[in-house]
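Asker: This is the structure I want to talk about, given as structure tokens.
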Amino acid sequence: MSEAVAHDHHHAHPTGLKRWLFTTNHKDIGTLYLWFSFTMFIVGGIMALVIRAELFEPGMQIVKPNFFNMMTTLHGLIMVFGAIMPAFVGLANWLIPMMIGAPDMALPRMNNWSFWILPFAATLLVAPMFMGGNFMDGQGPAFGWTFYAPLSTNYQNLGFFVFAVHLLGISSIMGSINIIATILNMRAPGMTLMKMPLFVWTWLITAFLLIAVMPVLAGAVTMLLTDRYFGTSFFIAAGGGDPVLFQHVFWFFGHPEVYIMILPAFGIVSHIIPTFARKKLFGYSSMVYATASIAFLSFIVWAHHMYTVGMPKAGILFFTYATMLIAVPTGVKVFNWVATMWRGAMTFETPMLFAIAFVVLFTFGGFTGLMLSISTADFQYHDSYFVVAHFHYVLVPGALFAIIAGVYYWLPKWTGNMYSETLGKWHFWLSAISVNLTFFPMHFVGLAGMPRRYADYQLQFAEFNMMSSIGGFVFGLSQLIFLYLVIKCIRGGKKATDQVWDNPEGLEWTVPSPAPYHTFETPPAVK
Amino acid sequence: MSAHGGYYLPEPSHWPLVGSLGLFLTTGGLAMALPSSPGGEMGSLAVMYTGFAVLAFMMFGWFGTVIRESESGVYNEQVDRSFRMGMGWFIFSEVMFFAAFFGALYYVREIVLEQLAQTSANPYNNLTGEWIWPAFKGATWPTAGPEGLVYKGAELAEGAKLGAKEFLSMKAMGIPALNTLILLSSGVTLTIAHWGLKKGNRNQLILWLAATVLLGFLFIGFQAYEYVHAYSDEMNLRLSTGAYGSTFFMLTGFHGLHVLVGATILTVVLLRCIKGHFSEEHHFAFEAGAWYWHFVDVVWLGLFIFVYWLV
Amino acid sequence: MSSNIMKIVLKSVSLLLLLTAAGTVFAEYNLNIPKPHTPNATVMYNQNMFSIWVCFWIGVVVFGAMIISIIFHRKSKGAKPASFHESTALEVAWTIVPFGILIAFGVYATSGILQVEDTTQKAGKITVDGKTWSWTDKNNKKSELNVKVVAHQWYWTYEILEGHKTVYKFDSVIDKSHKEASLKGKDVSKIKNYMVEVDKPLYLPTNTKIRFLITADAKDVIHSWWIPKLGVKRDAIPGFMNEAWTVIDASDNGKFFRGQCAELCGTYHAFMPIVVKAVSKEKFKEWLAAGKSESQKLAKVDWNKTNLMSHGKKVYEAKCAACHKPDGSGTPPAFPALKGSKIANGKAADHIGIVLKGKNAMPAFKTMSDADLAAVITYERNSWGNKGSVVKPADIKAARAR
Ligand code: HEA
Ligand code: HEA
Ligand code: CUA
Ligand SMILES: [Cu+2]
């Protein structure tokens, strides 16, 4: 690592709209990502509430079936590509340069491009909703976030969807290239790989996953496009293709994708728990190796989403074994977190509360994942609400809670002000309780046989669905507290110290709060 | 904008936003033009062309800025390394894009075909063939599927004529073999040009680079010829010719597109060489173009083996 | 504060407990996979219980350690942080132990798959969990009874097979009143078997090894045939054939087994239930014979415009109204209106052609009988102000031959 001295200290900082549109500053871009993510979270969340409102009672009261399917589809896509992934990229932008002692990201202009593609991609994704026909008939994509052929190839506005995915992919790939180049090339002298903070490590591996699988997704949607408009037969038996081929290509992307949504979360939690346990992270190097193992395994388990398509026995068995194996490195991480807490001196500020809830509820979601991996049992779980319960546990109190925990943890560093701990606690307890109220009953209806993506359902599932719906609304509204808290904290509040917390580890705590526009113009010394 | 040899951080720039807008107009324009029912009418492509124009404008502007910055010497070694990593990982992402299509080829050839077509040695070895496509017995790769055209071989016997419901596959040992030779030699010429650059031998650089670009366009010309031939009634090989046509044209088509991009990059690099832009040590743009070219080359070898040769 | 922390941890554990309890005590309250009725369903159920218990105990250990440290190792209690942060022995231990547990899982899962995937007829009986299912061995290569299940948007067609020949075929569509109540937002809370009632259930004989051949119409989309209590879930994939098997015990005679489509298949994915009735072998034979003669009767009817129109209305509402709407208005541009449509008022051959062959998102209905097709086409051509010709079954037959 040669001297990473920045030399643009003479620029005037642009202000107003131009600052945000043209920025090449990693902090500004991080902020843009985070606000974009929150906006998408609200949009996707409102769609979830439409789903929950419709499922409040049996019978169709609010929307038509196809509109319901469209809500399911767009909710899943927007949460995955619009809320969770951009939030992690936003955090990466803010934190990675500060954590490794770099002046900025390696390729700042491209960094801006990665971000500004997103709003356009999101526009392409939702635009068909408002095109022609009756709005309530659901003109948007309505084939699930997994867009299986040939249901998706029958969709009239397929082009918009395909190109939206292409753009999202381009954005992710450029963002990941930037992150990898930053981590590998911009570390301060002395910051060896095995000294890197875990958030940096997890992102390095996540970025690798992204570059490896986003192009495959691009390939999958391209095949959809040509099957629909240009006469190819990738997914049509009559021409020698196979709809199942689509699923293979999709899940080759899709499974690593779910780890893309959890590895950075692992990183965040690995920062927060040591800080509030006042004890060094247990098993740093095994954390690194575990992350890498998870990433490796994630490439060879994809067909566990396809146990019912009629694979040969050998295939089913292989994917069963490989999938179960992921529990081992993930377990190592969970055990390390618990060992970090063990004989620490814990306090329970809001970030720590979210982090603890993360460990508990993610592990719970992992357990149901393990149940799903057992192919014979999955013949009953597959495409039921049990799966919906599983992935919301790993995604909502999993990925989302980790993001929220991270925002609380670093917010004082970003804004220079402390957030309101009281509001934070309210936010936490309301969220933690309602998230369980929303998603726990889904295990029961799933096991009892309620299929997912159903606009209407049998009477026997009524009570639990009602609980879920109430929980969903409470959870959604609790997020308003978060919004209010963040805005309040940006506007002012108790001044944060540079360290913010009790002796936290990491270079980001050595710079002033709020972190200056350009940090580490001369690289810090790392012991 | 003083340059003290630190890591160069660019000023705010409007090019990324222009680029995003360009992408949006291009893709949105095409999406709007696509027919809403299959086989329907294409709409107007005006928006898409506008998008292309915006993208071209962006590229001129953005690359122009980069070249100016590079020439003014603000990029130190570390910046150079970032560019190298960026290019390297970008090429890796391209490899994965091709992997998706190679994977599809493998799957339709080895797995789907086995399910659709029963062998006569072991009838009823597969459910799908037995129950759904009984007439598709004994089919082998290349295939256009049970309801597609019938495969007639790689070439017709003397004087025979191809039926309307039949197709031919692309022979490996004609133009494709020639194209393999062309691409391989272009890799060599490019390397010789690179040596020239490193020794500071401008004539060697420009001559051999020009030869490389020429070979690249020659390749594209041959491939275009091959496509025209494939689409004629003599071969009946089209994008719509079932699984074989789909994988053949998507793989070779995307590859051809990449050759075009690579040749364009090298043309720009050539022009910059003529202008005297690069120094013996400092010529990342040249190297990036060269990496890309070699990548395109390697993909072609994969294509030649799996798409043309092993049919 | 401390009690709050306790709460979250205790809650997580009690949630786990609840899930476990779900399996045992509350099985009757629909908290768990329904009580299994077939060998495969039993295997699935057992694996489900096994994994719940293993996860439960791992949870007890992991969350237990967390609770202890949250209670005792807190700053407010004056805890001083220890300084250890590494232990190779521990890391190795908590890699090996879970790995060992997973091997047990793997072995168990393997035995399950081998049973579930075995559609051949090796033995006349199978014992799972102390319960035996038996079937008479007729010595055929595959199972005793083969049933073909063909999925369509949005109903199922069942075909009873003898060898490769279909001897009886019928469509099974969701009960019209259920669908109507749902879509019109009516009070559905009193409807019996809401959403899982069909016009014609599939009858299956007990003590018979039954093989299902599952597919979707070649121009359709993917569906999935799922009956929880029978332990069958298999995707119906256009152009491909999947298989699954079951055997039902005589003690289940007369019982209904209900299921639903389990793969998103478009607008009315929630509206294509599956109903199977288990009957004795004799009853099954009677049902089959009755079904055969009914379809023969339909073939012998002297079709005229009146009965074509009335029969056509029924078919239309079952098969076509989903897209083209009961009043023929469709939902353009996705689904064209038939009311006033050029094709419905034009040449009969074109109309027959598009229904038989399908077009894009319009499924091909070539598997429907001549009479049904003639009726529905006649109905479309003479309703909602359309003025088209009458189409007779013979016309369909002729069109098929072409
Ligand atoms: C953040 C996202 C995320 C994460 C981390 C996971 C993690 C896991 N998932 Fe999940 N999954 C999804 C998101 C995620 N999943 C989504 C979105 C879907 C649905 C997609 C769709 O169809 O729409 C899905 C669906 C899904 C399926 C398909 C279900 C179906 O459709 O039929 C399966 C099947 O195997 C599965 C398995 C697993 C496993 C084994 C893990 C493992 O990684 C979990 C490992 C963790 C633990 C096991 C807990 C901690 C470990 C210990 C404490 C050690 C000791 C434990 C043991 C030895 C048991 N998942
Ligand atoms: C990636 C993350 C993610 C997140 C965070 C969520 C969050 C939620 N999900 Fe999500 N969900 C998915 C990913 C996610 N989901 C995926 C991938 C699918 C599968 C899709 C498919 O099948 O194809 C799915 C499917 C899915 C279903 C199944 C639909 C079906 O099968 O038909 C349901 C049903 O209840 C559901 C519910 C919810 C709820 C209630 C939340 C809640 O947590 C949401 C809470 C948030 C809000 C409610 C917004 C907050 C803000 C406000 C309310 C403020 C009000 C606004 C203003 C003042 C402007 N989700
Ligand atoms: Cu058929 Cu869902
Ligand atoms: Cu997965």
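Each chain in the structure tokens gets a letter, A, B, ..., in the order shown, and its residues are numbered from 1; ligands are numbered from 1 in order too.
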Given only C-alpha atoms, how would the per-residue table for chain C near chain B read, listing every residue at most 7 Å away with its closest atom pair and distance in Å to one decimal, sorted by chain and number, as CSV?

Answerer:
residue,atom,partner,partner_atom,distance
C:Gly239,CA,B:Ile132,CA,6.7
C:Phe240,CA,B:Thr128,CA,5.1
C:Met241,CA,B:Thr128,CA,4.6
C:Asn360,CA,B:Pro38,CA,6.4

Asker: Selected residues, all heavy atoms, written as a PDB file, in the first residue's frame, please.

Answerer:
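Result file out.pdb:
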ATOM      1  N   GLY C 239     -44.485 -29.522 -21.126  1.00  0.00           N
ATOM      2  CA  GLY C 239     -43.579 -30.237 -22.013  1.00  0.00           C
ATOM      3  C   GLY C 239     -42.734 -31.287 -21.333  1.00  0.00           C
ATOM      4  O   GLY C 239     -41.963 -31.977 -21.984  1.00  0.00           O
ATOM      5  N   PHE C 240     -42.850 -31.419 -20.035  1.00  0.00           N
ATOM      6  CA  PHE C 240     -42.071 -32.432 -19.310  1.00  0.00           C
ATOM      7  C   PHE C 240     -42.980 -33.238 -18.399  1.00  0.00           C
ATOM      8  O   PHE C 240     -44.006 -32.765 -17.937  1.00  0.00           O
ATOM      9  CB  PHE C 240     -40.960 -31.769 -18.484  1.00  0.00           C
ATOM     10  CG  PHE C 240     -39.868 -31.219 -19.353  1.00  0.00           C
ATOM     11  CD1 PHE C 240     -40.010 -29.986 -19.958  1.00  0.00           C
ATOM     12  CD2 PHE C 240     -38.734 -31.970 -19.607  1.00  0.00           C
ATOM     13  CE1 PHE C 240     -39.029 -29.494 -20.801  1.00  0.00           C
ATOM     14  CE2 PHE C 240     -37.740 -31.477 -20.445  1.00  0.00           C
ATOM     15  CZ  PHE C 240     -37.895 -30.242 -21.041  1.00  0.00           C
ATOM     16  N   MET C 241     -42.578 -34.479 -18.146  1.00  0.00           N
ATOM     17  CA  MET C 241     -43.407 -35.360 -17.325  1.00  0.00           C
ATOM     18  C   MET C 241     -42.684 -35.648 -16.012  1.00  0.00           C
ATOM     19  O   MET C 241     -41.516 -36.016 -16.004  1.00  0.00           O
ATOM     20  CB  MET C 241     -43.669 -36.661 -18.089  1.00  0.00           C
ATOM     21  CG  MET C 241     -44.651 -37.592 -17.414  1.00  0.00           C
ATOM     22  SD  MET C 241     -46.275 -36.848 -17.209  1.00  0.00           S
ATOM     23  CE  MET C 241     -47.014 -37.210 -18.788  1.00  0.00           C
ATOM     24  N   ASN C 360     -49.701 -17.479 -28.079  1.00  0.00           N
ATOM     25  CA  ASN C 360     -49.036 -16.721 -27.010  1.00  0.00           C
ATOM     26  C   ASN C 360     -49.612 -17.081 -25.638  1.00  0.00           C
ATOM     27  O   ASN C 360     -49.614 -18.231 -25.269  1.00  0.00           O
ATOM     28  CB  ASN C 360     -49.135 -15.228 -27.285  1.00  0.00           C
ATOM     29  CG  ASN C 360     -48.596 -14.921 -28.656  1.00  0.00           C
ATOM     30  OD1 ASN C 360     -47.563 -15.465 -29.028  1.00  0.00           O
ATOM     31  ND2 ASN C 360     -49.281 -14.097 -29.421  1.00  0.00           N
TER      32      ASN C 360
END

Asker: Return as CSV the residues of chain B lying at most 6 Å from chain A, together with the closest atom-to-atom pair for each and the distance in Å to one decimal, counting only C-alpha atoms, with rows in chain order and ascending residue number.

Answerer:
residue,atom,partner,partner_atom,distance
B:Gly6,CA,A:Val5,CA,4.3
B:Tyr7,CA,A:Ala6,CA,4.9
B:Pro12,CA,A:Thr23,CA,4.7
B:Ser13,CA,A:Phe22,CA,4.8
B:His14,CA,A:Phe22,CA,5.1
B:Pro16,CA,A:Trp113,CA,4.4
B:Ser20,CA,A:Ile117,CA,5.0
B:Thr27,CA,A:Phe163,CA,5.9
B:Ala31,CA,A:Gly159,CA,4.5
B:Ser36,CA,A:Gln156,CA,4.7
B:Ser37,CA,A:Gln156,CA,5.9
B:Ser82,CA,A:Ala181,CA,5.6
B:Met85,CA,A:Ala181,CA,5.8
B:Gly86,CA,A:Ile177,CA,5.8
B:Ser93,CA,A:Ile211,CA,5.4
B:Met96,CA,A:Pro215,CA,5.7
B:Phe97,CA,A:Pro215,CA,4.6
B:Ala100,CA,A:Val216,CA,5.1
B:Val108,CA,A:Gly241,CA,5.9
B:Ala144,CA,A:Gly239,CA,5.2
B:Gly145,CA,A:Gly240,CA,3.6
B:Pro146,CA,A:Ala238,CA,5.2
B:Glu147,CA,A:Ala238,CA,4.9
B:Gly148,CA,A:Gly239,CA,5.4
B:Leu239,CA,A:Thr232,CA,5.7
B:Ser240,CA,A:Gly231,CA,4.5
B:Gly242,CA,A:Gly239,CA,4.2
B:Ala243,CA,A:Gly240,CA,5.0
B:Ser246,CA,A:Thr232,CA,4.9

Asker: Report the closest atom pair, with its distance in Å rounded to one decimal, for each residue of chain A that has an atom no farther than 10 Å from ligand 3; count only C-alpha atoms and all ligand atoms, sort by chain and then rising residue number, and write it as CSV.

Answerer:
residue,atom,partner,partner_atom_place_in_ligand_line,distance
A:Pro451,CA,ligand 3,2 (Cu),9.2
A:Arg452,CA,ligand 3,2 (Cu),9.8
A:Arg453,CA,ligand 3,2 (Cu),8.8
A:Tyr454,CA,ligand 3,2 (Cu),8.7

Asker: For segment 218-232 of chain C, please output as a VMD selection string all residues within 7 Å (counting only C-alpha atoms; exclusion window: fewer than 4 positions along the same chain).

Answerer: (chain A and resid 150 to 151 380 449) or (chain C and resid 34 to 38 40 to 41 151 to 153 236 to 239 244 246 257 to 265 363 to 364)

Asker: Quick one: which chain A residues come within 6 Å of ligand 2, and what is the nearest atom pair for each with the distance in Å to one decimal, counting only C-alpha atoms and all ligand atoms, rows ordered by chain and ascending number, as CSV?

Answerer:
residue,atom,partner,partner_atom_place_in_ligand_line,distance
A:Phe41,CA,ligand 2,49 (C),5.8
A:Ile42,CA,ligand 2,49 (C),4.0
A:Gly45,CA,ligand 2,47 (C),3.3
A:Ile46,CA,ligand 2,48 (C),5.1
A:Ala48,CA,ligand 2,38 (C),4.8
A:Leu49,CA,ligand 2,48 (C),5.7
A:Ile51,CA,ligand 2,34 (C),5.8
A:Arg52,CA,ligand 2,35 (O),5.1
A:Thr72,CA,ligand 2,29 (C),4.9
A:Thr73,CA,ligand 2,23 (O),4.5
A:Gly76,CA,ligand 2,16 (C),3.6
A:Met79,CA,ligand 2,1 (C),4.3
A:Val80,CA,ligand 2,1 (C),4.2
A:Ile84,CA,ligand 2,1 (C),5.9
A:Gly144,CA,ligand 2,23 (O),3.5
A:Trp145,CA,ligand 2,23 (O),3.8
A:Thr146,CA,ligand 2,23 (O),5.8
A:His392,CA,ligand 2,15 (N),6.0
A:Leu395,CA,ligand 2,2 (C),5.2
A:Val396,CA,ligand 2,5 (C),4.7
A:Arg452,CA,ligand 2,31 (O),3.8
A:Arg453,CA,ligand 2,32 (O),3.0
A:Tyr454,CA,ligand 2,32 (O),5.1
A:Gly472,CA,ligand 2,40 (C),4.1
A:Phe475,CA,ligand 2,45 (C),5.7
A:Gly476,CA,ligand 2,48 (C),3.3
A:Leu477,CA,ligand 2,53 (C),4.7
A:Gln479,CA,ligand 2,50 (C),5.4
A:Leu480,CA,ligand 2,54 (C),5.5

Asker: Starting from chain A, keep only residues with some atom at most 7 Å from an atom of chain C, counting only C-alpha atoms, and report them as number ranges by chain.

Answerer: A: 58-61, 65-66, 133, 143, 150-151, 154, 156, 237, 278-283, 308-310, 317, 321, 324, 328, 332, 338, 341-347, 367, 371, 374-377, 379-380, 383, 444-445, 447-449, 451, 453-459

Asker: What do you get as number ranges by chain if you pick all residues at most 6 Å from ligand 1, counting only C-alpha atoms and all ligand atoms?

Answerer: A: 258-259, 261-262, 304-305, 323-324, 326-328, 330-331, 334, 363, 366-367, 369-370, 372-373, 378, 381-383, 387, 391, 394-395; C: 55, 98, 101-102

Asker: Keeping only C-alpha atoms, write the selected residues as an mmCIF file, in the first residue's frame.

Answerer:
data_model
loop_
_atom_site.group_PDB
_atom_site.id
_atom_site.type_symbol
_atom_site.label_atom_id
_atom_site.label_comp_id
_atom_site.auth_asym_id
_atom_site.auth_seq_id
_atom_site.Cartn_x
_atom_site.Cartn_y
_atom_site.Cartn_z
ATOM 1 C CA VAL A 258 -29.411 -14.317 -0.285
ATOM 2 C CA TYR A 259 -25.926 -14.485 1.210
ATOM 3 C CA MET A 261 -27.949 -9.901 1.763
ATOM 4 C CA ILE A 262 -26.578 -11.432 4.946
ATOM 5 C CA HIS A 304 -32.455 -26.602 -2.924
ATOM 6 C CA HIS A 305 -35.067 -24.172 -4.236
ATOM 7 C CA THR A 323 -27.019 -27.068 1.741
ATOM 8 C CA MET A 324 -26.873 -28.595 5.180
ATOM 9 C CA ILE A 326 -23.720 -24.204 5.307
ATOM 10 C CA ALA A 327 -24.943 -24.578 8.867
ATOM 11 C CA VAL A 328 -21.368 -25.352 9.947
ATOM 12 C CA THR A 330 -22.710 -20.106 9.966
ATOM 13 C CA GLY A 331 -22.741 -21.870 13.298
ATOM 14 C CA VAL A 334 -23.044 -17.580 15.852
ATOM 15 C CA THR A 363 -30.289 -18.082 14.074
ATOM 16 C CA GLY A 366 -31.258 -20.383 10.031
ATOM 17 C CA PHE A 367 -32.852 -23.287 11.844
ATOM 18 C CA GLY A 369 -33.468 -22.924 6.674
ATOM 19 C CA LEU A 370 -31.892 -26.119 7.834
ATOM 20 C CA LEU A 372 -35.972 -26.613 4.427
ATOM 21 C CA SER A 373 -32.691 -28.068 3.273
ATOM 22 C CA ASP A 378 -39.145 -29.694 1.925
ATOM 23 C CA TYR A 381 -42.644 -26.913 3.069
ATOM 24 C CA HIS A 382 -41.890 -25.844 -0.454
ATOM 25 C CA ASP A 383 -43.910 -22.892 -1.748
ATOM 26 C CA VAL A 387 -40.714 -20.677 3.368
ATOM 27 C CA PHE A 391 -36.807 -15.975 4.678
ATOM 28 C CA VAL A 394 -33.316 -14.111 7.967
ATOM 29 C CA LEU A 395 -34.154 -10.963 6.022
ATOM 30 C CA CYS C 55 -32.901 -27.400 16.181
ATOM 31 C CA PRO C 98 -22.530 -29.506 14.178
ATOM 32 C CA ILE C 101 -25.207 -33.654 13.736
ATOM 33 C CA LEU C 102 -25.533 -32.934 10.051
#

Asker: With a cut-off of 8 Å, could you pull out the residues of chain A touching ligand 4 and give me the nearest pair of atoms for each, distance in Å to one decimal, using only C-alpha atoms and all ligand atoms, ordered by chain and ascending number, as a tab-separated table?

Answerer:
residue	atom	partner	partner_atom_place_in_ligand_line	distance
A:Trp251	CA	ligand 4	1 (Cu)	7.4
A:Gly254	CA	ligand 4	1 (Cu)	6.9
A:His255	CA	ligand 4	1 (Cu)	4.1
A:Pro256	CA	ligand 4	1 (Cu)	7.3
A:Val258	CA	ligand 4	1 (Cu)	6.7
A:Ser298	CA	ligand 4	1 (Cu)	7.8
A:Val301	CA	ligand 4	1 (Cu)	6.8
A:Trp302	CA	ligand 4	1 (Cu)	5.7
A:Ala303	CA	ligand 4	1 (Cu)	7.7
A:His304	CA	ligand 4	1 (Cu)	6.2
A:His305	CA	ligand 4	1 (Cu)	6.1

Asker: To one decimal place, how far is atom CA of Phe464 of chain A from atom CA of Val276 of chain C in Å?

Answerer: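 Between these atoms lies a distance of 26.5 Å.
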
Asker: My list of candidates is A:Val435, A:Ala322, A:Leu411, A:Ala149. Which is closest to Gly492 of chain A when distances are computed with only C-alpha atoms?

Answerer: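 Using only C-alpha atoms, Gly492 of chain A sits closest to A:Leu411.
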
Asker: With only C-alpha atoms as the counted atoms, please give the residues lying no more than 9 Å from Ala164 of chain B, apart from itself and same-chain residues fewer than 6 positions off, as a list of chain:residue names.

Answerer: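 Selected residues are B:Leu149, B:Asp233, B:Asn236.
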
Asker: As an exercise, work out the distance from atom CA of Thr157 of chain C to atom CA of Ser280 of chain C in Å and give it to one decimal place.

Answerer: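 Here the two named atoms are 22.2 Å from each other.
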
Asker: Give me, as number ranges by chain, the residues of segment 135-209 of chain B that a backbone DSSP run labels helix (DSSP H, G or I).

Answerer: B: 135-136, 175-199, 202-209

Asker: What's around Ile206 of chain B at 7 Å? Count only C-alpha atoms, leave out sequence neighbours fewer than 2 positions away in its own chain, and write the answer as a list of chain:residue names.

Answerer: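 Returned residues: B:Ala193, B:Arg202, B:Asn203, B:Gln204, B:Trp208, B:Leu209, B:Ala210, B:Leu270, B:Cys273, B:Ile274.
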